[in-house]
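Peer 1: I am sharing entry.cif, which consists of mmCIF, C-alpha atoms and all ligand atoms:
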```cif
data_protein
loop_
_atom_site.label_atom_id
_atom_site.label_comp_id
_atom_site.auth_asym_id
_atom_site.auth_seq_id
_atom_site.Cartn_x
_atom_site.Cartn_y
_atom_site.Cartn_z
CA MET A 1 19.14 101.13 79.04
CA SER A 2 17.05 98.81 81.13
CA LYS A 3 16.41 99.85 84.74
CA ILE A 4 17.92 97.55 87.37
CA LEU A 5 15.37 96.54 89.97
CA THR A 6 15.63 94.53 93.16
CA ALA A 7 13.48 91.59 94.20
CA GLU A 8 12.26 93.64 97.17
CA GLU A 9 10.94 96.34 94.84
CA VAL A 10 9.15 93.77 92.69
CA LYS A 11 7.64 92.12 95.72
CA ARG A 12 5.99 95.35 96.80
CA HIS A 13 3.91 95.40 93.59
CA ASN A 14 1.75 92.43 94.45
CA THR A 15 -1.76 93.86 94.45
CA ARG A 16 -4.28 94.64 91.75
CA LYS A 17 -3.27 98.30 92.00
CA SER A 18 0.20 97.50 90.79
CA VAL A 19 1.19 94.15 89.36
CA TRP A 20 4.85 93.51 88.70
CA MET A 21 6.38 90.15 87.98
CA VAL A 22 9.65 88.64 86.89
CA ILE A 23 9.92 86.38 83.89
CA ARG A 24 13.41 85.17 83.05
CA ASN A 25 15.08 87.90 85.04
CA GLU A 26 13.16 90.67 83.31
CA VAL A 27 10.71 92.74 85.31
CA TYR A 28 7.27 93.45 83.86
CA ASP A 29 4.57 95.83 84.98
CA VAL A 30 1.40 94.12 83.80
CA THR A 31 -1.07 96.19 85.84
CA SER A 32 -2.87 97.43 82.73
CA PHE A 33 -2.96 93.92 81.27
CA VAL A 34 -4.72 92.19 84.17
CA ASP A 35 -8.20 92.86 82.75
CA GLU A 36 -7.17 91.95 79.22
CA HIS A 37 -5.39 88.70 80.03
CA PRO A 38 -7.04 85.94 77.94
CA GLY A 39 -6.37 83.46 80.73
CA GLY A 40 -8.31 85.58 83.22
CA GLU A 41 -7.07 87.81 85.99
CA ASP A 42 -6.47 85.09 88.60
CA PRO A 43 -3.28 83.56 87.18
CA ILE A 44 -1.71 87.00 86.78
CA LEU A 45 -2.74 88.18 90.23
CA ASP A 46 -1.43 84.95 91.76
CA ALA A 47 1.97 85.68 90.26
CA ALA A 48 1.99 89.36 91.23
CA GLY A 49 5.18 90.47 92.97
CA GLN A 50 6.88 87.16 92.23
CA ASP A 51 9.05 85.33 89.79
CA ALA A 52 6.48 83.96 87.36
CA THR A 53 8.91 82.32 84.95
CA ILE A 54 7.71 78.77 85.45
CA ALA A 55 4.04 79.72 85.79
CA PHE A 56 4.30 81.60 82.51
CA GLU A 57 6.16 78.82 80.70
CA ASP A 58 3.99 76.03 82.12
CA VAL A 59 0.89 77.42 80.46
CA GLY A 60 2.52 77.06 77.06
CA HIS A 61 1.97 80.67 76.08
CA SER A 62 2.11 81.28 72.35
CA GLU A 63 4.86 83.19 70.58
CA ASP A 64 2.43 86.10 70.37
CA ALA A 65 2.05 86.07 74.15
CA LYS A 66 5.85 86.05 74.57
CA ALA A 67 6.18 88.93 72.13
CA MET A 68 3.62 90.90 74.12
CA LEU A 69 5.90 90.87 77.14
CA LYS A 70 8.17 93.45 75.52
CA LYS A 71 5.44 96.04 75.83
CA TYR A 72 5.30 95.64 79.63
CA LYS A 73 9.00 95.43 80.42
CA ILE A 74 10.15 98.00 82.94
CA GLY A 75 13.55 96.68 83.92
CA THR A 76 15.90 93.86 84.70
CA LEU A 77 16.47 92.14 87.99
CA ALA A 78 19.70 93.09 89.74
CA PRO A 79 22.42 90.43 89.36
CA GLY A 80 22.02 87.64 91.91
CA GLU A 81 18.62 88.92 93.01
CA GLY A 82 16.58 86.27 91.32
CA CYS A 83 18.94 83.47 92.02
CA SER A 84 16.52 80.70 92.73
CA GLN A 85 15.28 77.60 91.04
CA TYR A 86 13.56 79.90 88.58
CA HIS A 87 16.76 81.51 87.48
CA ARG A 88 17.56 81.68 83.81
CA ASP A 89 21.09 80.47 83.90
CA CYS A 90 22.53 77.75 86.10
CA THR A 91 26.08 79.03 85.84
CA GLU A 92 25.01 82.23 87.56
CA CYS A 93 23.30 80.22 90.30
CA ASN A 94 26.27 78.00 90.85
CA ALA A 95 28.70 80.89 90.96
CA SER A 96 26.59 82.90 93.36
CA SER A 97 26.63 82.60 97.12
CA ASP A 98 22.90 83.03 97.45
CA LYS A 99 21.88 79.64 96.14
CA PRO A 100 18.45 78.45 97.15
CA GLY A 101 18.47 76.64 100.44
CA THR A 102 21.45 78.47 101.92
CA SER A 103 20.96 80.61 104.99
CA ASP A 104 21.62 83.89 103.14
CA SER A 105 19.46 82.81 100.27
CA LYS A 106 17.84 85.62 98.34
CA SER A 107 15.65 83.27 96.40
CA TRP A 108 12.08 84.27 95.71
CA ARG A 109 10.92 81.50 97.94
CA SER A 110 12.67 82.95 100.94
CA PHE A 111 11.37 86.41 100.10
CA ASP A 112 7.86 85.13 99.94
CA GLY A 113 8.14 82.64 102.73
CA GLY A 114 6.71 79.90 100.57
CA THR A 115 6.33 78.60 97.08
CA PRO A 116 3.21 79.44 95.12
CA THR A 117 1.32 76.22 94.46
CA SER A 118 1.60 76.58 90.70
CA LEU A 119 5.38 76.55 91.00
CA SER A 120 5.85 73.87 93.60
CA ARG A 121 5.97 71.11 91.00
CA LYS A 122 9.47 72.15 89.96
CA SER A 123 10.72 73.18 93.36
CA SER A 124 13.34 70.45 93.35
CA LEU A 125 15.06 72.04 90.38
CA LYS A 126 17.87 74.40 91.14
CA CYS A 127 17.46 76.43 88.01
CA TYR A 128 14.79 76.92 85.49
CA LYS A 129 15.64 75.21 82.23
CA GLU A 130 14.26 75.80 78.78
CA PRO A 131 11.66 73.13 77.97
CA LEU A 132 12.96 70.72 75.33
CA ARG A 133 9.93 71.11 73.14
CA PRO A 134 7.57 74.07 72.83
CA MET A 135 4.69 73.58 75.22
CA PRO A 136 1.80 73.94 72.72
CA GLU A 137 2.97 70.74 71.00
CA LYS A 138 2.64 68.99 74.31
CA ARG A 139 -0.94 70.06 74.62
CA ILE A 140 -1.94 68.62 71.23
CA GLN A 141 -1.17 65.01 71.87
CA HIS A 142 -3.93 63.06 70.12
CA ILE A 143 -5.47 64.11 66.89
CA VAL A 144 -7.88 61.38 65.83
CA VAL A 145 -8.85 61.46 62.18
CA PRO A 146 -12.30 59.94 61.66
CA ARG A 147 -12.19 56.74 59.61
CA GLU A 148 -14.52 58.14 56.90
CA ARG A 149 -12.20 61.04 56.22
CA ARG A 150 -9.23 58.78 55.59
CA ARG A 151 -10.93 57.14 52.57
CA ARG A 152 -10.24 58.62 49.18
CA GLY A 153 -13.43 59.44 47.31
CA PRO A 154 -16.99 58.49 48.16
CA PRO A 155 -17.43 55.02 49.62
CA CYS A 156 -19.55 53.71 46.69
CA ALA A 157 -17.32 54.84 43.82
CA PRO A 158 -15.93 51.94 41.74
CA SER A 159 -12.28 51.41 42.37
CA ASN A 160 -9.83 52.20 39.56
CA SER A 161 -8.83 48.60 38.84
CA ARG A 162 -12.44 47.43 38.59
CA LEU A 163 -13.16 50.18 36.06
CA LYS A 164 -10.24 49.00 33.91
CA TYR A 165 -11.73 45.47 33.67
CA VAL A 166 -15.14 46.83 32.75
CA VAL A 167 -13.65 48.96 29.91
CA LEU A 168 -11.57 45.98 28.69
CA ALA A 169 -14.58 43.66 28.70
CA LEU A 170 -16.66 46.24 26.81
CA GLY A 171 -13.86 46.63 24.20
CA ILE A 172 -13.65 42.87 23.67
CA ALA A 173 -17.43 42.61 23.40
CA ILE A 174 -17.52 45.34 20.72
CA LEU A 175 -14.68 43.69 18.78
CA LEU A 176 -16.41 40.30 18.95
CA GLY A 177 -19.63 41.96 17.78
CA PHE A 178 -17.89 43.45 14.72
CA ALA A 179 -16.15 40.13 13.92
CA TYR A 180 -19.42 38.19 14.19
CA LYS A 181 -21.21 40.71 11.94
CA LYS A 182 -18.43 40.52 9.32
CA TYR A 183 -18.31 36.70 9.16
CA SER A 184 -22.05 36.20 9.24
CA SER A 185 -22.61 38.71 6.40
CA GLY A 186 -19.64 37.49 4.34
C1 LIG B 201 2.74 88.59 82.33
C2 LIG B 201 2.53 88.52 81.13
C3 LIG B 201 1.54 87.64 80.44
C4 LIG B 201 1.11 87.80 79.17
C5 LIG B 201 1.53 88.90 78.20
C6 LIG B 201 0.15 86.74 78.90
C7 LIG B 201 -0.52 86.57 77.71
C8 LIG B 201 -1.42 85.59 77.43
C9 LIG B 201 -2.06 85.37 76.17
C10 LIG B 201 -1.86 86.23 74.92
C11 LIG B 201 -2.87 84.31 76.30
C12 LIG B 201 -3.76 83.68 75.20
C13 LIG B 201 -3.16 82.36 74.74
C14 LIG B 201 -1.81 82.54 74.10
O1 LIG B 201 -1.68 83.33 73.13
O2 LIG B 201 -0.87 81.88 74.57
C15 LIG B 201 -2.75 83.84 77.65
C16 LIG B 201 -3.43 82.76 78.17
C17 LIG B 201 -3.25 82.28 79.43
N1 LIG B 201 -2.35 82.73 80.36
FE1 LIG B 201 -1.16 84.33 80.21
N2 LIG B 201 0.02 85.95 80.00
C18 LIG B 201 0.86 86.45 80.96
C19 LIG B 201 1.09 85.94 82.22
C20 LIG B 201 0.53 84.80 82.68
C21 LIG B 201 0.87 84.20 83.94
C22 LIG B 201 1.93 84.69 84.92
C23 LIG B 201 0.11 83.12 84.07
C24 LIG B 201 0.16 82.21 85.25
C25 LIG B 201 -0.12 80.96 85.23
C26 LIG B 201 -0.74 83.01 82.89
C27 LIG B 201 -1.70 82.07 82.63
C28 LIG B 201 -2.45 81.96 81.49
C29 LIG B 201 -3.50 80.97 81.28
C30 LIG B 201 -3.95 79.91 82.27
C31 LIG B 201 -3.98 81.17 79.99
C32 LIG B 201 -5.10 80.38 79.30
C33 LIG B 201 -4.41 79.30 78.47
C34 LIG B 201 -5.35 78.48 77.64
O3 LIG B 201 -6.54 78.78 77.58
O4 LIG B 201 -4.84 77.53 77.00
N3 LIG B 201 -0.45 84.06 82.07
N4 LIG B 201 -1.87 84.63 78.33
#
```
In C-alpha cells, what does this structure look like?
Ligand code: HEM
Peer 2:
Amino acid sequence: MSKILTAEEVKRHNTRKSVWMVIRNEVYDVTSFVDEHPGGEDPILDAAGQDATIAFEDVGHSEDAKAMLKKYKIGTLAPGEGCSQYHRDCTECNASSDKPGTSDSKSWRSFDGGTPTSLSRKSSLKCYKEPLRPMPEKRIQHIVVPRERRRRGPPCAPSNSRLKYVVLALGIAILLGFAYKKYSSG
C-alpha cells in the first residue's frame, strides 16, 4: 500500500540532497534522477518540495517520461493536503474546507508563501484540469513541406497524358507508313 505523506513532509525535501515533489497527488522522490533529467537539473530543483503537477504537464512530457514516474513514487498525499489549484479533482476541492484563498488554506501556495513563477500562469484556476489535447501535439504546430517534395517524380519527366499522345502519334505514323508502302507497291 502507498504511504500517506503530508505536504509539510514533502516541503522539507526541497534541496539537492533530497528532492521530493508532488505530481497529481502522488509523492515522488526524484533525488537520484536530478542528474539524469534530460531537461537539466534546474527545472527539477525549482520544483523540489512542491506540487509540480502543472510544471510537469506544461513541459509536455512524453508518455515515457510519465511512465518513469512510477519508479520514483514513494507515497500519496494525505487527503485534503494538496487541495490547491493544482489539485487533481475539483470535487475534492469544492467539498473541502481548505480551498485556496481561505484563511485556513492548506494549499501549496500558502505553505510556500508564494507561487513558483513557472506555475503562476494558471494561478487563477481553482483546480488543475487535464489538458484537452496532449501537449506534444501543441508543440508541433507548423510542419512545412518543401514545394519540391510535394511533386510526384522528377520535375523534367514527361507527364502521363503527354506520353499517351506521343505513343498514339507514333502508332498512326507506323500504320500510315505500312498503308503507303502497300499502295505504292501494289
Ligand atoms: C519528476 C519527474 C520527472 C521526470 C521523470 C521527467 C522526465 C523527463 C524526460 C524523460 C524528459 C525528456 C523528454 C520527454 O521524454 O518528455 C524530460 C524533459 C524535460 N523536463 Fe522533465 N521530468 C520530470 C520532472 C520535471 C519537472 C518538475 C519539470 C519542471 C518544469 C521538468 C522539465 C523538463 C524540461 C524543461 C524538459 C526538456 C523538454 C524539451 O526539451 O522539450 N521535468 N523530463
Peer 1: Select the residues contacting ligand LIG 201 (chain B) at a distance of at most 9 Å, based on all atoms listed in the file, then format the selection as a PyMOL selection string.
Peer 2: chain A and resi 20-23+28-30+33-34+36-48+51-72+118+136+139
Peer 1: Distance CA of Asn25 (chain A)-CA of Gly80 (chain A), one decimal place?
Peer 2: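 It comes out at 9.8 Å.
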Peer 1: Pick out the closest residue to Thr6 (chain A) from this set: A:Val19, A:Leu168, A:Ile174, A:Val27. Count only C-alpha atoms.
Peer 2: A:Val27
Peer 1: Quick check, in Å to one decimal: how far apart do CA of Glu81 (chain A) and CA of Arg16 (chain A) lie?
Peer 2: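 Straight-line distance from CA of Glu81 (chain A) to CA of Arg16 (chain A) works out to 23.6 Å.
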Peer 1: Tell me, in Å to one decimal, how far CA of Ala179 (chain A) is from CA of Lys164 (chain A).
Peer 2: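 Value for the CA of Ala179 (chain A)-CA of Lys164 (chain A) distance: 22.7 Å.
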Peer 1: Quick one: of A:Tyr183, A:Ala169, A:Asn160, A:Glu26, who's nearest to Leu5 (chain A), counting all atoms listed in the file?
Peer 2: A:Glu26
Peer 1: Determine the nearest neighbour of Gly49 (chain A) from the options A:Leu175, A:Thr15, A:Lys73, A:Tyr165, counting only C-alpha atoms.
Peer 2: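 Checking each candidate against Gly49 (chain A), we get A:Thr15 as the closest.
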Peer 1: Which residue gives the smallest distance to Leu77 (chain A) among A:Lys3, A:Lys17, A:Leu163, A:Ser32, with all atoms listed in the file counted?
Peer 2: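 Result for the nearest residue to Leu77 (chain A): A:Lys3.
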